[in-house]
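Shown next: input_13.txt, given as compact mmCIF, C-alpha atoms.
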```txt
# COMPACT_ATOMS: atom_id res chain seq x y z
CA MET A 5 -3.90 18.23 -27.10
CA ALA A 6 -2.74 17.84 -30.71
CA VAL A 7 -6.24 18.83 -31.80
CA VAL A 8 -6.08 21.98 -29.70
CA SER A 9 -2.87 23.21 -31.30
CA LEU A 10 -4.24 22.34 -34.73
CA THR A 11 -7.37 24.39 -34.01
CA GLU A 12 -5.23 27.25 -32.79
CA ARG A 13 -3.08 27.25 -35.91
CA TYR A 14 -6.02 27.04 -38.29
CA CYS A 15 -8.54 29.36 -36.61
CA VAL A 16 -6.24 31.92 -35.00
CA ARG A 17 -3.10 32.12 -37.11
CA ASP A 18 -4.22 31.13 -40.60
CA ARG A 19 -7.84 32.24 -40.79
CA LYS A 20 -7.78 34.94 -38.10
CA TRP A 21 -11.32 34.01 -37.08
CA LEU A 22 -10.56 34.96 -33.49
CA THR A 23 -7.69 36.48 -31.52
CA ILE A 24 -5.31 34.48 -29.38
CA ASP A 25 -6.79 35.99 -26.21
CA GLU A 26 -10.28 34.91 -27.12
CA PHE A 27 -8.96 31.50 -27.98
CA LEU A 28 -7.23 31.22 -24.60
CA HIS A 29 -10.39 32.20 -22.75
CA GLY A 30 -12.23 29.54 -24.70
CA LEU A 31 -9.52 27.09 -23.71
CA ALA A 32 -9.93 28.00 -20.04
CA PHE A 33 -13.69 27.34 -20.24
CA SER A 34 -13.00 24.12 -22.11
CA GLN A 35 -11.46 22.60 -19.04
CA ILE A 36 -14.61 22.72 -16.97
CA LEU A 37 -16.53 19.74 -18.27
CA GLY A 38 -15.64 17.21 -20.91
CA PRO A 39 -12.76 16.94 -23.37
CA PHE A 40 -10.82 20.13 -24.30
CA SER A 41 -10.68 19.25 -27.96
CA LEU A 42 -14.44 18.96 -28.37
CA ASN A 43 -15.13 22.02 -26.22
CA ILE A 44 -12.73 24.27 -28.08
CA CYS A 45 -14.44 23.30 -31.34
CA THR A 46 -17.83 24.11 -29.82
CA PHE A 47 -16.45 27.45 -28.62
CA VAL A 48 -15.05 28.46 -32.00
CA GLY A 49 -18.26 27.32 -33.75
CA TYR A 50 -20.36 29.38 -31.35
CA TYR A 51 -18.10 32.38 -31.72
CA LEU A 52 -18.45 32.33 -35.50
CA ARG A 53 -22.08 31.35 -36.02
CA GLY A 54 -23.95 31.20 -32.72
CA VAL A 55 -25.63 28.15 -31.21
CA ILE A 56 -26.12 26.37 -34.53
CA GLY A 57 -22.46 26.94 -35.39
CA GLY A 58 -21.40 25.48 -32.03
CA ILE A 59 -23.55 22.40 -32.50
CA ILE A 60 -22.35 21.86 -36.07
CA ALA A 61 -18.71 22.23 -35.03
CA SER A 62 -19.02 19.72 -32.18
CA VAL A 63 -20.98 17.14 -34.18
CA ALA A 64 -18.61 17.46 -37.13
CA PHE A 65 -15.61 17.04 -34.86
CA ILE A 66 -16.91 13.85 -33.26
CA PHE A 67 -18.38 12.33 -36.43
CA PRO A 68 -15.21 10.89 -38.07
CA SER A 69 -13.99 9.42 -34.78
CA PHE A 70 -17.45 8.02 -34.15
CA CYS A 71 -17.49 6.24 -37.52
CA LEU A 72 -13.96 4.93 -37.10
CA ILE A 73 -14.46 3.65 -33.56
CA SER A 74 -17.79 2.05 -34.50
CA LEU A 75 -16.07 0.15 -37.27
CA LEU A 76 -13.16 -0.87 -35.04
CA THR A 77 -15.52 -1.91 -32.25
CA TRP A 78 -17.55 -4.03 -34.62
CA LEU A 79 -14.41 -5.71 -35.94
CA TYR A 80 -13.13 -6.17 -32.42
CA PHE A 81 -16.18 -7.93 -31.05
CA ARG A 82 -16.43 -10.05 -34.17
CA PHE A 83 -12.83 -11.16 -34.34
CA HIS A 84 -11.27 -10.74 -30.90
CA GLU A 85 -11.16 -14.46 -30.36
CA LEU A 86 -8.64 -14.83 -33.19
CA SER A 87 -5.34 -15.60 -31.54
CA GLN A 88 -3.35 -13.19 -33.78
CA LEU A 89 -5.55 -10.24 -32.87
CA GLU A 90 -5.47 -11.25 -29.25
CA SER A 91 -1.65 -11.23 -29.33
CA ALA A 92 -1.60 -7.78 -30.92
CA LEU A 93 -3.96 -6.40 -28.31
CA LYS A 94 -1.88 -7.93 -25.51
CA GLY A 95 0.98 -5.84 -26.85
CA THR A 96 -1.06 -2.63 -26.67
CA ASN A 97 -2.23 -3.12 -23.10
CA PRO A 98 0.92 -1.86 -21.31
CA VAL A 99 1.19 1.07 -23.72
CA VAL A 100 -2.35 2.16 -22.84
CA ILE A 101 -1.23 2.43 -19.23
CA GLY A 102 1.80 4.39 -20.46
CA ILE A 103 -0.56 6.82 -22.20
CA ILE A 104 -2.50 7.34 -18.98
CA LEU A 105 0.75 7.96 -17.09
CA VAL A 106 1.87 10.54 -19.65
CA ALA A 107 -1.45 12.31 -19.15
CA VAL A 108 -0.90 12.26 -15.39
CA VAL A 109 2.56 13.81 -15.77
CA SER A 110 1.34 16.63 -18.00
CA MET A 111 -1.75 17.34 -15.90
CA ARG A 112 0.43 17.33 -12.80
CA LYS A 113 2.65 20.01 -14.32
CA SER A 114 -0.22 22.30 -15.21
CA SER A 115 -2.55 21.84 -12.28
CA VAL A 116 -0.93 20.49 -9.11
CA LYS A 117 0.67 23.44 -7.39
CA GLY A 118 1.62 24.11 -3.79
CA ILE A 119 1.04 21.99 -0.69
CA ASN A 120 -2.74 22.08 -1.03
CA GLY A 121 -2.58 20.70 -4.56
CA TRP A 122 -0.16 17.91 -3.68
CA VAL A 123 -2.13 16.86 -0.62
CA MET A 124 -5.37 16.76 -2.60
CA ALA A 125 -3.79 14.75 -5.40
CA LEU A 126 -2.24 12.25 -2.97
CA ILE A 127 -5.45 11.83 -0.97
CA ALA A 128 -7.44 11.32 -4.18
CA PHE A 129 -4.88 8.79 -5.39
CA ALA A 130 -4.80 6.85 -2.13
CA GLY A 131 -8.59 6.92 -1.79
CA ALA A 132 -9.15 5.52 -5.26
CA ALA A 133 -6.17 3.17 -5.43
CA PHE A 134 -6.11 1.64 -1.94
CA PHE A 135 -9.53 2.21 -0.39
CA SER A 136 -11.70 1.83 -3.52
CA ILE A 137 -13.62 5.02 -2.83
CA SER A 138 -15.61 5.91 -5.93
CA SER A 139 -14.29 8.65 -8.21
CA LEU A 140 -17.58 10.50 -7.95
CA THR A 141 -17.37 10.72 -4.15
CA ILE A 142 -13.79 11.98 -4.40
CA LEU A 143 -14.70 14.60 -7.02
CA MET A 144 -17.61 15.86 -4.91
CA LEU A 145 -15.48 16.14 -1.78
CA ALA A 146 -12.75 17.90 -3.75
CA ALA A 147 -15.29 20.36 -5.17
CA LEU A 148 -16.64 21.13 -1.68
CA TRP A 149 -13.15 21.65 -0.31
CA SER A 150 -11.98 23.83 -3.15
CA PHE A 151 -15.17 25.92 -3.04
CA ALA A 152 -14.64 26.53 0.68
CA ARG A 153 -11.02 27.38 0.01
CA ALA A 154 -11.78 29.74 -2.87
CA TYR A 155 -14.43 31.43 -0.72
CA TYR A 156 -12.03 31.81 2.19
CA LEU A 157 -9.28 33.21 -0.04
CA ARG A 158 -11.69 35.73 -1.55
CA GLU A 159 -12.96 36.94 1.83
CA ASN A 160 -9.45 37.28 3.23
CA ASP A 161 -7.85 38.82 0.22
CA MET B 2 -28.05 -6.20 -24.06
CA ALA B 3 -28.97 -3.29 -21.88
CA GLY B 4 -32.05 -1.17 -22.57
CA LEU B 5 -31.29 1.91 -24.64
CA ALA B 6 -33.06 4.18 -22.14
CA LYS B 7 -30.84 2.87 -19.39
CA LEU B 8 -27.74 3.41 -21.54
CA ALA B 9 -28.85 6.97 -22.25
CA TRP B 10 -29.36 7.67 -18.57
CA VAL B 11 -26.05 6.14 -17.46
CA PHE B 12 -24.05 8.05 -20.07
CA LEU B 13 -25.87 11.30 -19.40
CA LYS B 14 -24.86 10.97 -15.73
CA ILE B 15 -21.25 10.31 -16.74
CA GLY B 16 -21.39 13.29 -19.09
CA LEU B 17 -22.40 15.50 -16.19
CA ILE B 18 -19.40 14.68 -14.05
CA PHE B 19 -16.34 14.47 -16.21
CA PHE B 20 -14.27 17.42 -15.12
CA GLY B 21 -10.77 18.40 -16.06
CA GLY B 22 -10.31 16.97 -19.55
CA GLY B 23 -11.23 13.51 -20.68
CA TYR B 24 -8.96 11.33 -18.59
CA VAL B 25 -11.10 11.24 -15.48
CA LEU B 26 -13.44 9.11 -17.59
CA ILE B 27 -11.03 6.21 -17.27
CA PRO B 28 -11.62 5.64 -13.55
CA LEU B 29 -15.32 6.50 -13.90
CA LEU B 30 -15.97 4.13 -16.80
CA HIS B 31 -13.79 1.41 -15.33
CA ARG B 32 -15.84 1.43 -12.17
CA LEU B 33 -19.24 1.63 -13.86
CA MET B 34 -18.77 -0.55 -16.92
CA VAL B 35 -16.55 -3.28 -15.52
CA ASP B 36 -17.40 -3.46 -11.81
CA GLN B 37 -20.95 -2.22 -11.56
CA TYR B 38 -22.91 -2.95 -14.75
CA LYS B 39 -20.54 -5.63 -16.05
CA TRP B 40 -21.05 -4.52 -19.66
CA LEU B 41 -17.33 -5.08 -20.31
CA THR B 42 -14.64 -7.34 -18.93
CA LEU B 43 -11.38 -5.76 -17.82
CA ARG B 44 -9.69 -7.07 -21.00
CA GLU B 45 -12.34 -5.55 -23.22
CA PHE B 46 -12.06 -2.26 -21.36
CA MET B 47 -8.28 -2.14 -21.90
CA ASP B 48 -8.67 -3.10 -25.55
CA GLY B 49 -11.34 -0.42 -25.96
CA LEU B 50 -8.91 2.14 -24.55
CA ALA B 51 -6.31 1.06 -27.11
CA LEU B 52 -8.84 1.32 -29.94
CA SER B 53 -9.98 4.77 -28.80
CA GLN B 54 -6.39 5.97 -29.24
CA LEU B 55 -6.55 5.03 -32.90
CA THR B 56 -9.09 7.79 -33.56
CA PRO B 57 -8.33 11.53 -33.60
CA GLY B 58 -11.21 12.12 -31.17
CA PRO B 59 -11.03 12.53 -27.40
CA ILE B 60 -10.57 9.56 -25.11
CA ALA B 61 -14.28 9.91 -24.31
CA ILE B 62 -14.94 8.16 -27.60
CA LEU B 63 -14.50 5.12 -25.37
CA ALA B 64 -18.19 5.71 -24.62
CA THR B 65 -19.01 4.64 -28.17
CA PHE B 66 -17.11 1.39 -27.69
CA THR B 67 -18.87 0.65 -24.42
CA GLY B 68 -22.29 1.61 -25.75
CA PHE B 69 -21.74 -0.56 -28.79
CA ARG B 70 -20.91 -3.52 -26.60
CA ALA B 71 -23.95 -2.97 -24.40
CA GLY B 72 -26.49 -2.22 -27.14
CA GLY B 73 -25.10 -2.63 -30.66
CA PHE B 74 -24.75 0.25 -33.13
CA TRP B 75 -27.65 2.20 -31.62
CA GLY B 76 -26.19 1.70 -28.19
CA GLY B 77 -22.95 3.26 -29.41
CA LEU B 78 -24.75 6.19 -30.98
CA ILE B 79 -26.86 6.85 -27.90
CA ALA B 80 -23.91 6.55 -25.53
CA THR B 81 -21.91 9.01 -27.66
CA PHE B 82 -24.77 11.49 -27.92
CA PHE B 83 -25.56 11.50 -24.23
CA ILE B 84 -22.01 11.58 -22.92
CA PHE B 85 -21.23 14.69 -25.01
CA LEU B 86 -24.60 16.41 -24.52
CA PRO B 87 -23.85 18.03 -21.13
CA CYS B 88 -20.43 19.42 -22.02
CA THR B 89 -21.57 20.78 -25.38
CA ALA B 90 -24.66 22.38 -23.82
CA LEU B 91 -22.57 23.88 -21.03
CA MET B 92 -19.97 25.17 -23.46
CA LEU B 93 -22.65 26.86 -25.59
CA PHE B 94 -24.17 28.39 -22.46
CA ILE B 95 -20.82 29.67 -21.22
CA SER B 96 -19.85 31.01 -24.64
CA SER B 97 -23.06 32.98 -24.76
CA HIS B 98 -22.42 34.44 -21.29
CA TYR B 99 -18.73 34.80 -21.95
CA ASP B 100 -18.18 38.14 -20.21
CA LYS B 101 -20.00 37.20 -17.03
CA PHE B 102 -18.11 33.94 -16.61
CA ARG B 103 -14.77 35.56 -17.18
CA LYS B 104 -15.36 37.66 -14.07
CA MET B 105 -16.59 34.89 -11.77
CA LYS B 106 -13.50 34.33 -9.69
CA LEU B 107 -15.12 32.09 -7.12
CA PHE B 108 -16.44 29.80 -9.81
CA ARG B 109 -13.10 29.55 -11.57
CA GLY B 110 -11.27 29.12 -8.27
CA THR B 111 -13.48 26.19 -7.33
CA LEU B 112 -13.03 24.49 -10.68
CA ASP B 113 -9.28 24.94 -10.74
CA GLY B 114 -9.18 23.66 -7.17
CA VAL B 115 -10.72 20.33 -8.20
CA LEU B 116 -8.02 19.63 -10.77
CA PRO B 117 -5.39 18.20 -8.37
CA ALA B 118 -7.95 15.60 -7.25
CA VAL B 119 -8.57 14.75 -10.90
CA VAL B 120 -4.83 14.17 -11.35
CA GLY B 121 -4.83 11.88 -8.31
CA LEU B 122 -7.80 9.95 -9.67
CA VAL B 123 -6.24 9.45 -13.08
CA ALA B 124 -3.01 8.29 -11.45
CA ALA B 125 -5.05 5.86 -9.38
CA ALA B 126 -6.68 4.57 -12.57
CA ALA B 127 -3.25 3.83 -14.00
CA TRP B 128 -2.38 2.08 -10.74
CA ASN B 129 -5.60 0.02 -10.60
CA LEU B 130 -5.48 -0.99 -14.25
CA GLY B 131 -1.76 -1.68 -14.08
CA THR B 132 -1.89 -3.90 -11.01
CA SER B 133 -4.79 -5.90 -12.39
CA SER B 134 -3.61 -6.31 -15.99
CA LEU B 135 0.18 -6.18 -16.20
CA VAL B 136 2.02 -9.45 -15.82
CA GLY B 137 5.71 -10.16 -16.01
CA ALA B 138 8.78 -8.24 -17.06
CA ARG B 139 7.69 -8.09 -20.72
CA ASP B 140 4.67 -5.92 -19.93
CA PHE B 141 6.66 -3.57 -17.71
CA MET B 142 9.30 -3.19 -20.40
CA LEU B 143 6.64 -2.23 -22.93
CA LEU B 144 5.09 0.15 -20.43
CA ALA B 145 8.44 1.85 -19.80
CA VAL B 146 9.35 2.12 -23.47
CA GLY B 147 5.87 3.39 -24.40
CA PHE B 148 5.97 5.95 -21.62
CA LEU B 149 9.41 7.24 -22.62
CA ILE B 150 8.46 7.54 -26.29
CA LEU B 151 5.26 9.39 -25.51
CA GLN B 152 6.83 11.62 -22.91
CA PHE B 153 9.96 12.63 -24.76
CA THR B 154 9.17 12.47 -28.47
CA ARG B 155 6.33 13.92 -30.50
CA ILE B 156 5.26 10.59 -31.95
CA SER B 157 1.48 10.33 -31.87
CA PRO B 158 -0.13 7.80 -29.48
CA MET B 159 -1.80 6.26 -32.50
CA PHE B 160 1.53 5.06 -33.90
CA VAL B 161 2.76 3.90 -30.51
CA ILE B 162 -0.39 1.78 -30.11
CA LEU B 163 -0.02 0.37 -33.63
CA GLY B 164 3.66 -0.37 -32.97
CA ALA B 165 2.89 -2.15 -29.72
CA GLY B 166 0.18 -4.13 -31.48
CA ALA B 167 2.69 -5.16 -34.16
CA ILE B 168 5.16 -6.29 -31.48
CA GLY B 169 2.45 -8.35 -29.80
CA TYR B 170 1.50 -9.85 -33.13
CA PHE B 171 4.99 -10.76 -34.36
CA PHE B 172 6.19 -12.15 -31.04
CA ARG B 173 2.90 -14.01 -30.56
CA PHE B 174 2.08 -12.71 -27.11
CA THR B 175 -0.11 -15.09 -25.21
```
Encoded form using C-alpha cells:
Amino acid sequence: MAVVSLTERYCVRDRKWLTIDEFLHGLAFSQILGPFSLNICTFVGYYLRGVIGGIIASVAFIFPSFCLISLLTWLYFRFHELSQLESALKGTNPVVIGIILVAVVSMRKSSVKGINGWVMALIAFAGAAFFSISSLTILMLAALWSFARAYYLREND
Amino acid sequence: MAGLAKLAWVFLKIGLIFFGGGYVLIPLLHRLMVDQYKWLTLREFMDGLALSQLTPGPIAILATFTGFRAGGFWGGLIATFFIFLPCTALMLFISSHYDKFRKMKLFRGTLDGVLPAVVGLVAAAAWNLGTSSLVGARDFMLLAVGFLILQFTRISPMFVILGAGAIGYFFRFT
C-alpha cells in the first residue's frame, strides 16, 4: 500500500496528471485481479499515454524488484546451507507470518462487512485451514454466491 | 528443473485467479508449489516470502523466486511475465472501457462480494503456515512483536524482516 500512496502523491498532488476521483476509480479497478500497486501504475500509464504507456509503466514498476529478487534468490539458493544465513532466515520466518496477519487485519477492516461477509470469511477460513479445500474451489464458490446475491439485490432493489 | 512451457502455463493460470490484492497468492502458491509440484520445500517457501518483502514490488514477486528455483533465471523471468500478464491485460482493457465498467453494478457487486472469502483464505494461509513452521515460545514471541510493530507503527516490512534476520543471526537460531 505504500506504493499506492506514493503514486497518489506524485501523480495526483505533485504532477496533477489526473484528479483524485479518477485515481480512486483506478484504485477500485485495481482490486479486481492482481496486486494494487502494479495495477494502479498500469492505470496511470494508460491514462497518460494509452496502451503503450500502460505497458511501459507496469514493466518499469516490476523491473527493479525483479532484478533485486533475482539476485537475492540466486544468493539464497547458492548459500542457504551456510549456518549463519540459515539462522538469520529462521528469525524472519515468524515475522513473515506476522506480515500476513497484518494484511488480514487491514483487509478485514475494508472488506468484511455485515453478517454475510463474516460468514463467508469464516467458511473460507475453516474450509482452507481445517478441511484442506483448495483456494481455487473456495474462490469459485464465493464468486457464484456473491454473483447470485448481487443479482438478487439488484432485482429486489 | 521443470520445462519452461509448463512453468509459463502454471503461472498464467495463477495470474488468472488472484483476486483481491496480492495476498491470496500465498495460499495458492503454497498449495501448488509446495504440495502439488514440489518445486519448493516449506522452508524455501517461507524464506522466499521473507525475501520478497525486501523488494518494493508486490508480494507476487514471489513468483520470480519460485520460477527461479524451478527453472533458473529464465524460469524466474517467465514466471514473472506470465503471472502479471493477465492482470496487466485486464487493467488495460478496463482502463480503455472505463466509463462502461464504472456503471456495471452487478459486476462490481460480485467482485466486492468475493473479498470476504479472500480474507478468510489469507487468514487460513497464516494458520496453515504458522502451525507447520512455528516452533516454541521464541517463534511466537517474534511473531507477536513483529505483528505489533507492523500493525501500530509505520516501520516498513523491509526493516522488520531485516531486524528479525539480524536477531536470528546474532542469537544463532537453530
What are the nearest atom pairs, with distances in Å to one decimal, for all residues of segment 119-158 of chain B that come at most 12 Å from segment 137-144 of chain A, using only C-alpha atoms, set out by chain and rising residue number as JSON lines?
```
{"residue": "B:Val119", "atom": "CA", "partner": "A:Leu143", "partner_atom": "CA", "distance": 7.3}
{"residue": "B:Val120", "atom": "CA", "partner": "A:Leu143", "partner_atom": "CA", "distance": 10.8}
{"residue": "B:Gly121", "atom": "CA", "partner": "A:Ile142", "partner_atom": "CA", "distance": 9.8}
{"residue": "B:Leu122", "atom": "CA", "partner": "A:Ser139", "partner_atom": "CA", "distance": 6.8}
{"residue": "B:Val123", "atom": "CA", "partner": "A:Ser139", "partner_atom": "CA", "distance": 9.4}
{"residue": "B:Ala124", "atom": "CA", "partner": "A:Ser139", "partner_atom": "CA", "distance": 11.7}
{"residue": "B:Ala125", "atom": "CA", "partner": "A:Ser139", "partner_atom": "CA", "distance": 9.7}
{"residue": "B:Ala126", "atom": "CA", "partner": "A:Ser139", "partner_atom": "CA", "distance": 9.7}
```
**Study point:** Distance of atom CA of Gly57 of chain A from atom CA of Leu13 of chain B, expressed in Å to one decimal place
**Key:**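 We find that atom CA of Leu13 of chain B and atom CA of Gly57 of chain A lie 22.6 Å from each other.
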Point to revise | Test item: chain A residues at most 6 Å from chain B, counting only C-alpha atoms, as a PyMOL selection string | key: chain A and resi 35-40+69+77+88+91-93+95-96+98-102+108+116+121+124-126+128-129+132-133+146-147+150-151+154
Selected residues written out, C-alpha atoms, as a CSV table (one decimal), in the frame of the given file:
```csv
chain,number,residue,atom,x,y,z
A,35,GLN,CA,-11.5,22.6,-19.0
A,36,ILE,CA,-14.6,22.7,-17.0
A,37,LEU,CA,-16.5,19.7,-18.3
A,38,GLY,CA,-15.6,17.2,-20.9
A,39,PRO,CA,-12.8,16.9,-23.4
A,40,PHE,CA,-10.8,20.1,-24.3
A,69,SER,CA,-14.0,9.4,-34.8
A,77,THR,CA,-15.5,-1.9,-32.2
A,88,GLN,CA,-3.4,-13.2,-33.8
A,91,SER,CA,-1.6,-11.2,-29.3
A,92,ALA,CA,-1.6,-7.8,-30.9
A,93,LEU,CA,-4.0,-6.4,-28.3
A,95,GLY,CA,1.0,-5.8,-26.8
A,96,THR,CA,-1.1,-2.6,-26.7
A,98,PRO,CA,0.9,-1.9,-21.3
A,99,VAL,CA,1.2,1.1,-23.7
A,100,VAL,CA,-2.4,2.2,-22.8
A,101,ILE,CA,-1.2,2.4,-19.2
A,102,GLY,CA,1.8,4.4,-20.5
A,108,VAL,CA,-0.9,12.3,-15.4
A,116,VAL,CA,-0.9,20.5,-9.1
A,121,GLY,CA,-2.6,20.7,-4.6
A,124,MET,CA,-5.4,16.8,-2.6
A,125,ALA,CA,-3.8,14.8,-5.4
A,126,LEU,CA,-2.2,12.2,-3.0
A,128,ALA,CA,-7.4,11.3,-4.2
A,129,PHE,CA,-4.9,8.8,-5.4
A,132,ALA,CA,-9.2,5.5,-5.3
A,133,ALA,CA,-6.2,3.2,-5.4
A,146,ALA,CA,-12.8,17.9,-3.8
A,147,ALA,CA,-15.3,20.4,-5.2
A,150,SER,CA,-12.0,23.8,-3.2
A,151,PHE,CA,-15.2,25.9,-3.0
A,154,ALA,CA,-11.8,29.7,-2.9
```
Check your understanding: To one decimal place, how far is atom CA of Ile103 of chain A from atom CA of Thr154 of chain B in Å?
Key -> 12.9 Å
Check your understanding: Could you name the residues that touch Val16 of chain A at 10 Å or less, counting all atoms listed in the file, but leaving out those on the same chain fewer than 4 positions away, as JSON, numbers by chain?
Key -> {"A": [10, 11, 12, 20, 21, 22, 23, 24, 25, 26, 27, 48]}
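Separating atom CA of Ala152 of chain A from atom CA of Gly30 of chain A is a distance of 25.7 Å.
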Put a box with edges along x, y and z around all the listed atoms of segment 141-155 of chain B, pad it by 8 Å on each side, then give me its centre and sizes in Å, one decimal, as lines of an AutoDock Vina configuration file.
```
center_x = 7.5
center_y = 5.2
center_z = -24.1
size_x = 20.9
size_y = 33.5
size_z = 28.8
```
Point to revise | Near-Ile60 of chain A list (10 Å; all atoms listed in the file; drop same-chain fewer than 5 positions) as a PyMOL selection string | key: chain A and resi 45-46+49-50+53+55+65
